[in-house]
Amino acid sequence: MLAVFSSVAAMGQSKNSDGETDWLKDFTSRITFNGYAQGGWSYQDINGKKTNSYNLKRTLLWAKARITDRWSFMFMHDFSSVVQEFYTDYRISNNKALTVRLGQFKHSYSMENPLSPTQLELIDVYSQAVLYLAGEGPDPLNGVNYGRDMGLEIYGDLAKGLIHYELALMSGQGINRKDQNNQKDFIAKLELRPFDGFRIVGSGYLGTGCAVGTAAWNPDIQVGDNYKRNRYSVGVEYKTTAYSPAQYKEARPASVRAEWLGGKDGEVGSMGGYVTTCIPVVDALDIVASGETFDRNTKVDGWDQTNLTIGLQYWFYKKCRLQLQYTRCLCGENISSQDYNWLQAQVQVAF
């Protein structure tokens, strides 16, 4: 702490007209605020029952403080749910080779989980496999954790950015929740970036969960039981500049991302994957398409679901967009619904 405060004192401070330190100006220059909101409308005809409703999915605001050139702090709150993140980063190396993160944050497992919903193409955001295996919410054994956890992580870039790594020791119990066992979970990710826009990503998760609920497809695990909770993923992504409309200073890339994921909870295995693409067409309009599948129990037939999505999105200002998507959901016999249609519309406002 003494070393950090010494480095802060040694940094140049803003001066006012009298030559004195302008502490307010210096303070505000070190803090940035960001936020976004996503809301819209949804229609479904599950089991022949037609429903439609408006929704406000996310309203997030976060602040990032740059304490020194190496040390920062971030706090994020979702006003439609709970406190999402609070962590501090400290860059140890002079380059980007080694940074330490401590607190509550999005963990590294999978390609999609660390990405913001403002960056992803689907209105429903993450694929089924990522939602379930990364702890976003559909897994009743782990509970709703929005893909976040408490822990310690080191990460960095090596070989002039050709290699990116992340290693984390996490609580495993999720956000805003005390660990219910003495075991910690280990997450590792490795990215290879052989050329601009292309990356190959592998990640693994080794842990011990403590069940907060029960699952019909995994009846041997009861609330309070400790159980093996392991995951793996491998994927590729390619982005290329496809179209650069005049009103934007940056070109919007075309992209395709594919990933295969698997996991094991106790003795029950699950697996699935997705392929998602986004192609700019005219002006600020993109075509979005995705195919994904996920099987909750690979040993028992009927716990699988496949979603096929096609849609459009229109960027009306930088990070702000309108989205319209249709999804055909094909459900296994043990899923509580028959095959159904899903139509969604959403507006995203971000700054």
# chains A, B, ... in the order shown; residues from 1 in each chain; ligands from 1
>>> select_by_dssp(residues="stretch 114-155 of chain A", states="alpha helix (DSSP H)", output="ChimeraX atom specification")
/A:128-133
>>> residues_around(residues="A:Phe186", least_positions_apart="2", cutoff="12 Å", atoms="only C-alpha atoms", output="number ranges by chain")
A: 107-109, 149-154, 166-172, 183-184, 188-189, 203-209, 229-232
>>> write_last_selection(atoms="N, CA and C atoms", output="mmCIF file, in the first residue's frame")
data_model
loop_
_atom_site.group_PDB
_atom_site.id
_atom_site.type_symbol
_atom_site.label_atom_id
_atom_site.label_comp_id
_atom_site.auth_asym_id
_atom_site.auth_seq_id
_atom_site.Cartn_x
_atom_site.Cartn_y
_atom_site.Cartn_z
ATOM 1 N N HIS A 107 -16.022 -14.859 -15.191
ATOM 2 C CA HIS A 107 -14.906 -15.794 -15.293
ATOM 3 C C HIS A 107 -14.597 -16.122 -16.752
ATOM 4 N N SER A 108 -13.483 -16.827 -16.967
ATOM 5 C CA SER A 108 -12.897 -16.983 -18.284
ATOM 6 C C SER A 108 -13.454 -18.141 -19.097
ATOM 7 N N TYR A 109 -14.249 -19.015 -18.513
ATOM 8 C CA TYR A 109 -14.685 -20.210 -19.225
ATOM 9 C C TYR A 109 -15.541 -19.859 -20.432
ATOM 10 N N ASP A 149 -18.246 -14.918 -10.700
ATOM 11 C CA ASP A 149 -17.833 -15.599 -9.472
ATOM 12 C C ASP A 149 -16.809 -14.728 -8.752
ATOM 13 N N MET A 150 -16.517 -15.084 -7.513
ATOM 14 C CA MET A 150 -15.486 -14.383 -6.746
ATOM 15 C C MET A 150 -14.173 -15.151 -6.812
ATOM 16 N N GLY A 151 -13.067 -14.431 -6.940
ATOM 17 C CA GLY A 151 -11.809 -15.132 -6.957
ATOM 18 C C GLY A 151 -10.619 -14.279 -7.338
ATOM 19 N N LEU A 152 -9.544 -14.985 -7.683
ATOM 20 C CA LEU A 152 -8.262 -14.373 -8.031
ATOM 21 C C LEU A 152 -7.862 -14.870 -9.415
ATOM 22 N N GLU A 153 -7.402 -13.947 -10.268
ATOM 23 C CA GLU A 153 -7.039 -14.316 -11.635
ATOM 24 C C GLU A 153 -5.763 -13.608 -12.061
ATOM 25 N N ILE A 154 -4.948 -14.301 -12.854
ATOM 26 C CA ILE A 154 -3.830 -13.656 -13.532
ATOM 27 C C ILE A 154 -4.044 -13.838 -15.029
ATOM 28 N N GLU A 166 -5.274 -16.894 -19.435
ATOM 29 C CA GLU A 166 -5.991 -16.505 -18.223
ATOM 30 C C GLU A 166 -6.015 -17.713 -17.287
ATOM 31 N N LEU A 167 -5.615 -17.513 -16.033
ATOM 32 C CA LEU A 167 -5.623 -18.560 -15.017
ATOM 33 C C LEU A 167 -6.324 -18.007 -13.779
ATOM 34 N N ALA A 168 -7.301 -18.745 -13.261
ATOM 35 C CA ALA A 168 -8.094 -18.219 -12.153
ATOM 36 C C ALA A 168 -8.366 -19.282 -11.106
ATOM 37 N N LEU A 169 -8.395 -18.849 -9.858
ATOM 38 C CA LEU A 169 -8.797 -19.673 -8.725
ATOM 39 C C LEU A 169 -10.046 -19.013 -8.136
ATOM 40 N N MET A 170 -11.201 -19.673 -8.316
ATOM 41 C CA MET A 170 -12.480 -19.056 -8.007
ATOM 42 C C MET A 170 -13.189 -19.766 -6.853
ATOM 43 N N SER A 171 -14.125 -19.045 -6.245
ATOM 44 C CA SER A 171 -14.926 -19.597 -5.160
ATOM 45 C C SER A 171 -15.756 -20.783 -5.639
ATOM 46 N N GLY A 172 -16.398 -20.634 -6.802
ATOM 47 C CA GLY A 172 -17.237 -21.692 -7.347
ATOM 48 C C GLY A 172 -18.682 -21.610 -6.916
ATOM 49 N N GLN A 183 -13.502 -26.282 -1.101
ATOM 50 C CA GLN A 183 -12.811 -26.433 -2.365
ATOM 51 C C GLN A 183 -12.919 -25.156 -3.207
ATOM 52 N N LYS A 184 -11.867 -24.879 -3.954
ATOM 53 C CA LYS A 184 -11.873 -23.767 -4.903
ATOM 54 C C LYS A 184 -11.806 -24.322 -6.316
ATOM 55 N N ALA A 188 -8.839 -22.263 -16.615
ATOM 56 C CA ALA A 188 -7.716 -21.910 -17.484
ATOM 57 C C ALA A 188 -8.225 -21.648 -18.892
ATOM 58 N N LYS A 189 -7.663 -20.638 -19.527
ATOM 59 C CA LYS A 189 -8.012 -20.325 -20.925
ATOM 60 C C LYS A 189 -6.742 -19.998 -21.689
ATOM 61 N N SER A 203 -10.659 -23.601 -23.311
ATOM 62 C CA SER A 203 -10.765 -23.292 -21.877
ATOM 63 C C SER A 203 -11.220 -24.525 -21.120
ATOM 64 N N GLY A 204 -10.853 -24.586 -19.845
ATOM 65 C CA GLY A 204 -11.227 -25.701 -18.997
ATOM 66 C C GLY A 204 -11.598 -25.237 -17.607
ATOM 67 N N TYR A 205 -12.445 -26.001 -16.950
ATOM 68 C CA TYR A 205 -12.957 -25.652 -15.622
ATOM 69 C C TYR A 205 -12.952 -26.925 -14.779
ATOM 70 N N LEU A 206 -12.232 -26.911 -13.659
ATOM 71 C CA LEU A 206 -12.199 -28.029 -12.726
ATOM 72 C C LEU A 206 -12.688 -27.534 -11.369
ATOM 73 N N GLY A 207 -13.771 -28.125 -10.861
ATOM 74 C CA GLY A 207 -14.299 -27.610 -9.610
ATOM 75 C C GLY A 207 -15.175 -28.585 -8.855
ATOM 76 N N THR A 208 -15.591 -28.136 -7.686
ATOM 77 C CA THR A 208 -16.519 -28.879 -6.838
ATOM 78 C C THR A 208 -17.670 -27.953 -6.474
ATOM 79 N N GLY A 209 -18.859 -28.298 -6.931
ATOM 80 C CA GLY A 209 -20.022 -27.471 -6.651
ATOM 81 C C GLY A 209 -20.721 -27.886 -5.370
ATOM 82 N N ARG A 229 -17.855 -30.737 -10.622
ATOM 83 C CA ARG A 229 -18.402 -29.775 -11.581
ATOM 84 C C ARG A 229 -17.268 -29.351 -12.523
ATOM 85 N N ASN A 230 -17.112 -30.105 -13.625
ATOM 86 C CA ASN A 230 -16.037 -29.858 -14.577
ATOM 87 C C ASN A 230 -16.598 -29.448 -15.934
ATOM 88 N N ARG A 231 -15.811 -28.647 -16.689
ATOM 89 C CA ARG A 231 -16.223 -28.181 -18.006
ATOM 90 C C ARG A 231 -15.010 -28.046 -18.930
ATOM 91 N N TYR A 232 -15.303 -28.063 -20.243
ATOM 92 C CA TYR A 232 -14.279 -27.768 -21.236
ATOM 93 C C TYR A 232 -14.931 -27.061 -22.419
#
>>> residues_around(residues="stretch 176-182 of chain A", least_positions_apart="3", cutoff="12 Å", atoms="only C-alpha atoms", output="ChimeraX atom specification")
/A:77,81-86,103-105,142-146,148-151,170-173,185,207-212,223-227
>>> residues_around(residues="A:Cys331", least_positions_apart="5", cutoff="6 Å", atoms="only C-alpha atoms", output="count of residues only")
3
>>> closest_residue(among="A:Ala215, A:Val236, A:Ile221, A:Ala284", to="A:Gly202", atoms="only C-alpha atoms")
A:Val236
>>> select_by_dssp(residues="stretch 83-238 of chain A", states="strand (DSSP E or B)", output="PyMOL selection string")
chain A and resi 83-91+99-106+122+125+148-158+163-170+185-195+198-206+208-210+215+218+226-238
>>> closest_residue(among="A:Gln38, A:Ser93, A:Gln119, A:Thr32", to="A:Gly156", atoms="only C-alpha atoms")
A:Ser93
>>> residues_around(residues="A:Tyr274", least_positions_apart="4", cutoff="7 Å", atoms="only C-alpha atoms", output="count of residues only")
7
>>> closest_residue(among="A:Ala350, A:Ile200, A:Val130, A:Leu61", to="A:Leu322", atoms="only C-alpha atoms")
A:Ala350
